[in-house]
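The structure appears right after this line, and notes come after that.
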Amino acid sequence: MKALFLAFGFFFLSGPLSAQPMRKLNALIDQSCRACHSGKAAQGGLDFGELPFDLANRATRDRWIRIHDRVEQREMPPQGMEFSPADRAALLGQLAPALHQADLADVAKNGRGPMRRLNRDEYEENLRDILQLPNLDIRDMLPEDREAHHFNKVSETLDMSRVQLAAYLDASEAALRQAMVTAPAPPPVTKFRAFGRNLFPGLRSTGTRHSMFFIKDNQGVNVESERAAPMSRELEEDPSLEMGLFRSPGWPYGAFPRGFAAPHSGEYRVRLSARAVLQQLDFRVSEAKHAVPMTLRSRRPTNHDIAEDVKSVGGILEIQPGVNLYETTVPLLAGQTVEYGLLGLPVPQVDAEGKTGWYRYPPFPPDGQPGVAFQWIEIEGPLPPPQWPPASHWVLFDELGVPPAPARPKEEASRLLRRFMKLAAGSPVPEEAAHTIDRLVFARLDGSESFAEAMLAGYQAVLCSDLFLYLREPKDRFSIASRLSHFLTNSRPDAQLLASRLEDRQALRREIDRLIATSGFDRFVKSFTGYWLNLRHLRRDDPDKRLYPEYQLDEYLVDSLERETLAFFTAMVRDNLPIRNLVDAGFVYVNERLAKHYQLEPAAGAALRPVALPQDSPLGGLLTQGAILKITANGASTSPVLRGAWIMDRILGEPPPPPPPGVPAVEPDIRGAKTIRDLLAMHTRSSSCASCHAKFDPVGLALENFDVLGRWRTQYRGTTEGERVHGIDHTGHDFAYTLAGAVDPSGTLADGRSFRSVRDLKAILAANPRQLARNLLRQLTVYATGTPVRFSDRPEIEKMLDACEAHQYRTRDLVHALVQSRIFRGGAKP
């Protein structure tokens with residue numbers, strides 16, 4: 001006890017606790033903690049005899065905060081130890097004020113958090129905005145950013161190494177060279193048109209003749225055998241010849257017009273004539289009953305064995321029955337073409353064992369196999385910009401023309417550099433910093449470099465300097481604008497935001513609402529959910545082809561699942577929905593593929609739209625969305641452990657502790673012999689395991705009615721045990737699995753509340769909206785400020801919750817409360 005008292009004494013001699021509370025705190029620790037946490041055998045590495053109470057030290061304060069939180073959450077002392085509710089309240093009542101005051105003093109002295117580097121997504125968006133290059137693509141030139149507290153925006157992990165600096169220099173140079181033009185006029189606009197035979201690179205696609213064939217008068221031609229015969233010249237040039245495509249992309253695949261490659265990088269207008277059709281067994285086609293969605297994909301017109309980055313461009317086109325014209329605009333790099341990418345169709349694959357090299361097209365639906373018949377396609381571009389030189393060049397060289405060659409180069413260099421530096425920094429730049437860049441550019445000019453090359457070196461230095469690359473704690477209107485724009489649009493503030501009087505709360509509120517309504521808010525939603533909900537890992541684990549053959553290569557489904565969650569969270573904010581909808585909403589966003597997947601009433605088209613749910617539906621809210629259920633499964637099996645821990649952490653803000661070292665994960669029995677409950681019972685026989693698992697396993701069990709992609713089920717699937725199900729999947733492969741044990745989604749939470757289904761669990765979670773709102777506020781705080789919620793922030797968080805309680809913690813209200821708070825505004829004037 002003497003050692004403990006001496007360890008505490010340093011702080012309390014001048015700290016907030018007097019001798020009497022100090023003795024009581026020491027007595028409580030001595031009574032209930034010291035037996036397990038002292039000496040060389042101290043459990044968890046926590047020795048109170050060696051732990052000082054110097055709360056001015058950040059690392060020491062963080063340890064005491066963890067102690068406070070574990071005591072508050074009733075994790076310490078462990079069950080069975082004598083520790084009354086009065087003792088717990090007394091300990092927390094002494095410890096919390098000391099921690100709060102120490103943390104608040106640190107914030108006053110050092111700021112709430114350090115400045116942070118732009119992550120690679122923000123850097124790309126900032127370059128796009130400042131250089132006026134909306135299609136700039138340099139993100140993947142930069143190293144992946146490290147994460148902390150679920151996000152890649154945390155100051156402590158956004159360091160700058162020599163490797164990273166070199167990558168930023170390379171990326172900024174690539175961006176600047178794309179912004180600068182060297183020709184006195186834009187490249188000529190070319191128009192390419194393909195019809196008939198030239199709509200496809202060959203006479204056949206991979207995946208049998210049923211995947212693609214040419215059509216004349218609604219009848220397939222040259223389809224007598226798998227090996228296509230040469231076409232007559234007359235047929236090849238027949239303007240009535242159509243190209244019919246009846247498969248979705250999947251390696252190996254190459255489906256693009258013959259003879260086109262973009263001569264220059266830029267925007268291209270694509271127009272095509274097409275109709276949705278149904279293929280019948282005799283290669284006859286008839287009008288489709290519904291639209292067939294498709295995208296265009298940018299790629300090089302190479303053999304399909306050449307790996308390259310293929311991207312969907314131009315949005316989703318809904319190809320309707322009957323001949324119609326469709327038009328979109330796509331960005332292409334020099335040498336690229338556009339590929340046809342039909343959605344939701346079969347993806348024939350070579351035989352499963354790879355022995356014969358044969359393909360088999362899967363059986364047709366009863367009415368025929370949907371597809372698209374193309375009549376012609378036009379590709380025009382690159383489309384000229386509204387002015388020449390383009391806006392990106394003007395950002396760098398103003399009216400100096402192409403190439404820029406001013407009569408007084410150093411004078412012009414100083415003028416342009418200061419203009420660019422002010423644009424990059426968003427505010428006036430110290431003259432000393434400007435002189436530093438001047439010297440760099442002047443030295444190159446003196447070395448006989450061209451004016452353009454010397455200026456690019458100066459601009460590159462600016463774009464890799466702290467003026468552009470770092471965000472600071474708010475101290476003025478610009479820094480508030482910068483933090484707000486990087487929060488809600490992932491990029492720099494626009495002119496209207498910079499001109500707003502953000503010190504006025506109503507003006508700030510208007511700007512928040514305006515930014516939420518802009519297209520830039522989509523970047524926030526994608527980035528925030530990508531990390532908070534782990535949505536960026538949606539494609540990490542492919543479904544096991546033995547157990548879930550219907551999901552093989554179904555990119556249309558996976559893409560729709562992702563868009564569903566993005567649309568849902570967007571609506572939560574834009575429509576200002578109460579937070580309970582996060583777990584228990586009365587609607588879902590669906591398109592044709594999701595309606596089928598969720599076994600709802602049929603929907604038409606690829607566009608998502610909100611649909612009200614029947615009162616007894618288990619769907620609604622994040623927990624039952626297929627994207628979330630896929631992320632929390634491994635492709636072969638579902639795990640109540642993973643799903644339960646994910647919900648406790650990401651949705652409720654109560655992350656479970658890591659498992660003890662040496663404890664293996666629960667391995668699924670894909671044979672179907674044992675249910676997950678059997679396996680969990682074996683896994684948690686140890687009392688040390690059971691106490692933790694009781695907090696999250698039941699939550700995960702409630703989701704067992706949903707398979708690895710979120711489709712409702714009542715039985716597990718296996719490979720040996722149970723009723724056999726077999727057939728041919730949409731890749732043309734035979735499949736067989738078994739329907740094994742029945743799903744039991746019931747459970748009892750750690751606090752004794754029980755549920756029979758996921759609907760019951762959602763009602764339990766929705767009944768505590770303050771907890772849901774508190775967790776969302778904490779996640780938003782990390783994302784917006786780059787610093788996790790500090791101990792001294794906690795009362796501020798509760799004040800925000802108090803202000804939002806009357807309206808059921810509406811989601812956009814929470815965003816407003818955060819931005820108006822001291823946590824967000826830092827040292828800026830209120």
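By convention in this document, the chains of the structure tokens carry letters A, B, ... by their order, each chain's residues are numbered from 1, and ligands are numbered from 1 in the order they are shown.
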Quiz item: Could you pull out all residues of segment 230-394 of chain A with a DSSP call of helix (DSSP H, G or I) and give them as a VMD selection string?
Solution: chain A and resid 233 to 236 391 to 394
Would you save the residues from that selection as a JSON list (two decimals), in the first residue's frame, using N, CA and C atoms?
[["chain", "number", "residue", "atom", "x", "y", "z"],
["A", 233, "ARG", "N", -18.73, -12.11, -97.33],
["A", 233, "ARG", "CA", -18.54, -10.66, -97.27],
["A", 233, "ARG", "C", -19.89, -9.96, -97.26],
["A", 234, "GLU", "N", -20.83, -10.49, -98.03],
["A", 234, "GLU", "CA", -22.16, -9.89, -98.10],
["A", 234, "GLU", "C", -22.83, -9.90, -96.74],
["A", 235, "LEU", "N", -22.71, -11.04, -96.00],
["A", 235, "LEU", "CA", -23.34, -11.13, -94.69],
["A", 235, "LEU", "C", -22.61, -10.23, -93.68],
["A", 236, "GLU", "N", -21.29, -10.21, -93.74],
["A", 236, "GLU", "CA", -20.51, -9.38, -92.81],
["A", 236, "GLU", "C", -20.91, -7.92, -92.91],
["A", 391, "ALA", "N", -9.05, 24.13, -68.85],
["A", 391, "ALA", "CA", -9.02, 24.76, -67.52],
["A", 391, "ALA", "C", -7.85, 24.28, -66.69],
["A", 392, "SER", "N", -7.46, 23.02, -66.82],
["A", 392, "SER", "CA", -6.34, 22.50, -66.03],
["A", 392, "SER", "C", -5.04, 23.23, -66.37],
["A", 393, "HIS", "N", -4.85, 23.55, -67.63],
["A", 393, "HIS", "CA", -3.64, 24.28, -68.05],
["A", 393, "HIS", "C", -3.68, 25.71, -67.55],
["A", 394, "TRP", "N", -4.86, 26.33, -67.55],
["A", 394, "TRP", "CA", -4.99, 27.70, -67.06],
["A", 394, "TRP", "C", -4.66, 27.79, -65.58]]
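Remark: for Arg271 of chain A, the closest of the candidate residues A:Gly826, A:Phe374, A:Phe200, A:Ser225 is A:Phe374 (distances computed over only C-alpha atoms).
For the choices A:Ile823, A:Val154, A:Leu245, A:Val181, the atom-to-atom distance to Val347 of chain A is smallest for A:Leu245 when using only C-alpha atoms.
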Contacts between segment 470-475 of chain A and segment 354-464 of chain A, please, where a residue of segment 354-464 of chain A counts if it comes within 12 Å (with only C-alpha atoms); show its shortest atom pair and distance in Å to one decimal, rows by chain and ascending number, as a Markdown table.
| residue | atom | partner | partner_atom | distance |
| --- | --- | --- | --- | --- |
| A:Ala424 | CA | A:Tyr470 | CA | 11.0 |
| A:Ala425 | CA | A:Tyr470 | CA | 9.6 |
| A:Gly426 | CA | A:Leu471 | CA | 11.4 |
| A:Val462 | CA | A:Tyr470 | CA | 11.6 |
| A:Leu463 | CA | A:Tyr470 | CA | 10.3 |
| A:Cys464 | CA | A:Tyr470 | CA | 9.4 |
Can you write out the residues you just picked, keeping all heavy atoms, as a PDB file, in the first residue's frame?
ATOM      1  N   ALA A 424      -3.660  26.418 -53.359  1.00  0.00           N
ATOM      2  CA  ALA A 424      -3.394  25.139 -52.708  1.00  0.00           C
ATOM      3  C   ALA A 424      -3.629  25.219 -51.210  1.00  0.00           C
ATOM      4  O   ALA A 424      -4.204  24.307 -50.610  1.00  0.00           O
ATOM      5  CB  ALA A 424      -1.963  24.694 -52.989  1.00  0.00           C
ATOM      6  N   ALA A 425      -3.194  26.317 -50.608  1.00  0.00           N
ATOM      7  CA  ALA A 425      -3.317  26.455 -49.152  1.00  0.00           C
ATOM      8  C   ALA A 425      -4.698  26.932 -48.747  1.00  0.00           C
ATOM      9  O   ALA A 425      -5.119  26.717 -47.614  1.00  0.00           O
ATOM     10  CB  ALA A 425      -2.254  27.422 -48.624  1.00  0.00           C
ATOM     11  N   GLY A 426      -5.391  27.615 -49.654  1.00  0.00           N
ATOM     12  CA  GLY A 426      -6.713  28.127 -49.337  1.00  0.00           C
ATOM     13  C   GLY A 426      -6.710  29.419 -48.563  1.00  0.00           C
ATOM     14  O   GLY A 426      -7.769  29.924 -48.183  1.00  0.00           O
ATOM     15  N   VAL A 462       5.008  22.403 -54.068  1.00  0.00           N
ATOM     16  CA  VAL A 462       3.848  22.907 -53.321  1.00  0.00           C
ATOM     17  C   VAL A 462       2.899  21.767 -52.985  1.00  0.00           C
ATOM     18  O   VAL A 462       2.406  21.651 -51.850  1.00  0.00           O
ATOM     19  CB  VAL A 462       3.117  23.988 -54.137  1.00  0.00           C
ATOM     20  CG1 VAL A 462       1.813  24.390 -53.450  1.00  0.00           C
ATOM     21  CG2 VAL A 462       4.013  25.203 -54.345  1.00  0.00           C
ATOM     22  N   LEU A 463       2.633  20.904 -53.956  1.00  0.00           N
ATOM     23  CA  LEU A 463       1.665  19.825 -53.761  1.00  0.00           C
ATOM     24  C   LEU A 463       2.173  18.741 -52.825  1.00  0.00           C
ATOM     25  O   LEU A 463       1.386  17.875 -52.406  1.00  0.00           O
ATOM     26  CB  LEU A 463       1.285  19.208 -55.110  1.00  0.00           C
ATOM     27  CG  LEU A 463       0.550  20.137 -56.073  1.00  0.00           C
ATOM     28  CD1 LEU A 463       0.274  19.433 -57.399  1.00  0.00           C
ATOM     29  CD2 LEU A 463      -0.755  20.650 -55.464  1.00  0.00           C
ATOM     30  N   CYS A 464       3.441  18.765 -52.506  1.00  0.00           N
ATOM     31  CA  CYS A 464       3.999  17.799 -51.542  1.00  0.00           C
ATOM     32  C   CYS A 464       4.452  18.497 -50.262  1.00  0.00           C
ATOM     33  O   CYS A 464       5.192  17.910 -49.454  1.00  0.00           O
ATOM     34  CB  CYS A 464       5.161  17.036 -52.171  1.00  0.00           C
ATOM     35  SG  CYS A 464       4.653  15.938 -53.510  1.00  0.00           S
TER      36      CYS A 464
END
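For the residues A:Phe791, A:Trp358, A:Tyr459, A:Trp64, ranking by smallest atom-to-atom distance to Ser172 of chain A using only C-alpha atoms places A:Tyr459 first.
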Within 10 Å of Asp217 of chain A, counting only C-alpha atoms, which residues qualify if same-chain residues fewer than 6 places away don't, as a PyMOL selection string?
-> chain A and resi 240-242+284-285
